[in-house]
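All remarks here apply to the structure that follows.
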Amino acid sequence: EAYPAVGAIQEIKELPHTNINSVNYLLKTTKGKFVLKHDRVVNPVRLENIARVLAFCAQQGVKVPVPVKMKSGKYVGRGTYILFRFVEGKLFSGNTLQRDAMAREFAKLHRALAICPVPFPAQRPHTRLYGTTFRLPGTRQLIHGDMQPGNVLFRKNRIACILDFEGMYRESKMREL
């Protein structure tokens with residue numbers, strides 16, 4: 001009801017994944033496939049900002065999960081539920097074509113994050129878990145915060161989607177390296 005763009009739900013099933021902080025459900029509907037994510041850790045305001053950043057990046061042509069707006073105009077539903085368009089793909093196989101594709105798409109992502117108008121906190125989430133962090137020199141911009149091959153889906157040897165933006169924060173691009 002909150003997501004009119006989805007249509008009638010035909011099937012719901014939990015998706016297997018390794019993130020202990022969230023649960024993802026695949027929704028098959030009359031208008032396609034979607035992923036309903038319930039994040040148990042990220043607060044709703046931060047999650048709404050993440051969704052706004054992802055929507056901006058998708059408009060810039062970056063392959064990221066595309067959030068679906070609710071009737072209210074927001075992305076985050078009651079609590080910390082958010083809906084994304086489903087992206088089919090496989091994890092990194094280790095070949096050079098996929099590695100080169102990741103480098104190009106990560107560069108495109110950083111260009112979009114550098115100009116993203118969404119206000120976002122500067123502190124790294126869960127800093128207490130990572131210990132003290134020092135600030136790197138250079139311009140601070142939004143960064144992914146967990147760039148690694150396990151957070152990328154591929155179709156053949158092309159990027160289908162970059163995933164897992166819950167660790168996003170403002171810092172020098174060098175932090176990603």
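Residues in the structure tokens are numbered from 1 in each chain, the chains being A, B, ... in the order shown, and ligands are numbered from 1 in the order shown.
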Which residues of segment 133-172 of chain A sit at most 9 Å from segment 55-66 of chain A, using only C-alpha atoms? Give each one's shortest atom pair and distance in Å (one decimal place), in chain and ascending residue order, as a Markdown table.
| residue | atom | partner | partner_atom | distance |
| --- | --- | --- | --- | --- |
| A:Ile159 | CA | A:Lys63 | CA | 7.1 |
| A:Ala160 | CA | A:Lys63 | CA | 6.3 |
| A:Cys161 | CA | A:Lys63 | CA | 4.8 |
| A:Ile162 | CA | A:Val64 | CA | 5.0 |
| A:Leu163 | CA | A:Val64 | CA | 6.6 |
With N, CA, C and O atoms retained, write the just-selected residues as a JSON list (two decimals), in the first residue's frame.
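And here is the file that came out, again_18.json:
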[["chain", "number", "residue", "atom", "x", "y", "z"],
["A", 159, "ILE", "N", 29.61, -4.67, -14.50],
["A", 159, "ILE", "CA", 29.01, -4.35, -13.20],
["A", 159, "ILE", "C", 27.50, -4.29, -13.35],
["A", 159, "ILE", "O", 26.99, -3.60, -14.22],
["A", 160, "ALA", "N", 26.82, -5.02, -12.49],
["A", 160, "ALA", "CA", 25.35, -4.93, -12.43],
["A", 160, "ALA", "C", 24.96, -3.94, -11.34],
["A", 160, "ALA", "O", 24.03, -3.16, -11.51],
["A", 161, "CYS", "N", 25.72, -3.97, -10.20],
["A", 161, "CYS", "CA", 25.34, -3.11, -9.08],
["A", 161, "CYS", "C", 26.44, -3.11, -8.00],
["A", 161, "CYS", "O", 27.03, -4.14, -7.72],
["A", 162, "ILE", "N", 26.69, -1.94, -7.43],
["A", 162, "ILE", "CA", 27.54, -1.81, -6.24],
["A", 162, "ILE", "C", 26.61, -1.80, -5.04],
["A", 162, "ILE", "O", 25.63, -1.06, -5.01],
["A", 163, "LEU", "N", 26.88, -2.62, -4.05],
["A", 163, "LEU", "CA", 26.01, -2.81, -2.89],
["A", 163, "LEU", "C", 26.61, -2.27, -1.59],
["A", 163, "LEU", "O", 27.76, -1.85, -1.57]]
task: Enumerate the residues of segment 67-122 of chain A with a DSSP assignment of strand (DSSP E), computed from the backbone, and present them as a PyMOL selection string.
output: chain A and resi 81-85
Would you save the residues from that selection as a short mmCIF file (atom, residue, chain, number, x, y, z; two decimals), in the first residue's frame, using N, CA, C and O atoms?
data_model
loop_
_atom_site.label_atom_id
_atom_site.label_comp_id
_atom_site.auth_asym_id
_atom_site.auth_seq_id
_atom_site.Cartn_x
_atom_site.Cartn_y
_atom_site.Cartn_z
N TYR A 81 12.58 0.07 7.13
CA TYR A 81 12.31 -0.71 5.93
C TYR A 81 12.50 0.18 4.71
O TYR A 81 12.07 1.33 4.70
N ILE A 82 13.14 -0.38 3.70
CA ILE A 82 13.37 0.37 2.47
C ILE A 82 13.25 -0.61 1.30
O ILE A 82 13.63 -1.77 1.41
N LEU A 83 12.73 -0.12 0.19
CA LEU A 83 12.49 -0.96 -0.97
C LEU A 83 13.40 -0.54 -2.12
O LEU A 83 13.56 0.65 -2.39
N PHE A 84 14.01 -1.53 -2.78
CA PHE A 84 14.88 -1.29 -3.93
C PHE A 84 14.41 -2.12 -5.12
O PHE A 84 13.83 -3.19 -4.94
N ARG A 85 14.72 -1.65 -6.30
CA ARG A 85 14.50 -2.48 -7.48
C ARG A 85 15.51 -3.63 -7.43
O ARG A 85 16.67 -3.43 -7.07
#
**OP:** Within 7 Å of segment 112-118 of chain A, counting only C-alpha atoms, which residues show up once you throw out same-chain ones fewer than 4 positions away? Write them as an NGL selection string, please.
**Re:** :A and (49 or 52-53 or 56-57 or 60 or 108 or 141-143)
The residue from A:Glu14, A:Gly73, A:Glu166, A:Asp146 with the smallest atom-to-atom distance to Arg40 of chain A, counting only C-alpha atoms, is A:Glu166
Next on the checklist: Taking the DSSP secondary structure from the backbone, can you list the residues of segment 5-175 of chain A that are helix (DSSP H, G or I), as a PyMOL selection string?
Outcome noted: chain A and resi 5-6+44-59+96-115+127-130+149-151+173-175
Spatial neighbours of Gly32 of chain A, 9 Å, only C-alpha atoms, chain gap at least 2 places, as a list in words: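 Contacts, with the query itself left out: Val6, Gly7, Leu27, Lys28, Thr29, Thr30, Phe34, Arg85 and Phe86 of chain A.
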Deliver the residues from the most recent selection as a file, using C-alpha atoms, as a compact mmCIF listing (two decimals), in the first residue's frame.
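File selection.txt, as written:
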# COMPACT_ATOMS: atom_id res chain seq x y z
CA VAL A 6 5.20 -2.00 -6.93
CA GLY A 7 1.80 -3.43 -7.82
CA LEU A 27 9.21 -9.45 -3.58
CA LYS A 28 7.80 -10.72 -6.85
CA THR A 29 5.00 -8.42 -7.90
CA THR A 30 2.79 -7.67 -10.86
CA PHE A 34 12.01 -5.75 -5.69
CA ARG A 85 14.50 -2.48 -7.48
CA PHE A 86 15.93 -6.01 -7.73
Between A:Lys13, A:Leu177, A:Gly77, A:Gly145, which has the minimum distance to Ala103 of chain A (counting only C-alpha atoms)?
->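 Under the stated criterion, the closest residue is A:Leu177.
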Neighbour list for Lys156 of chain A as a PyMOL selection string, cut-off 10 Å, only C-alpha atoms, skip fewer than 6 positions in-chain: chain A and resi 89-90+93+97-98
The distance between atom CA of Ala107 of chain A and atom CA of Val87 of chain A is 20.6 Å
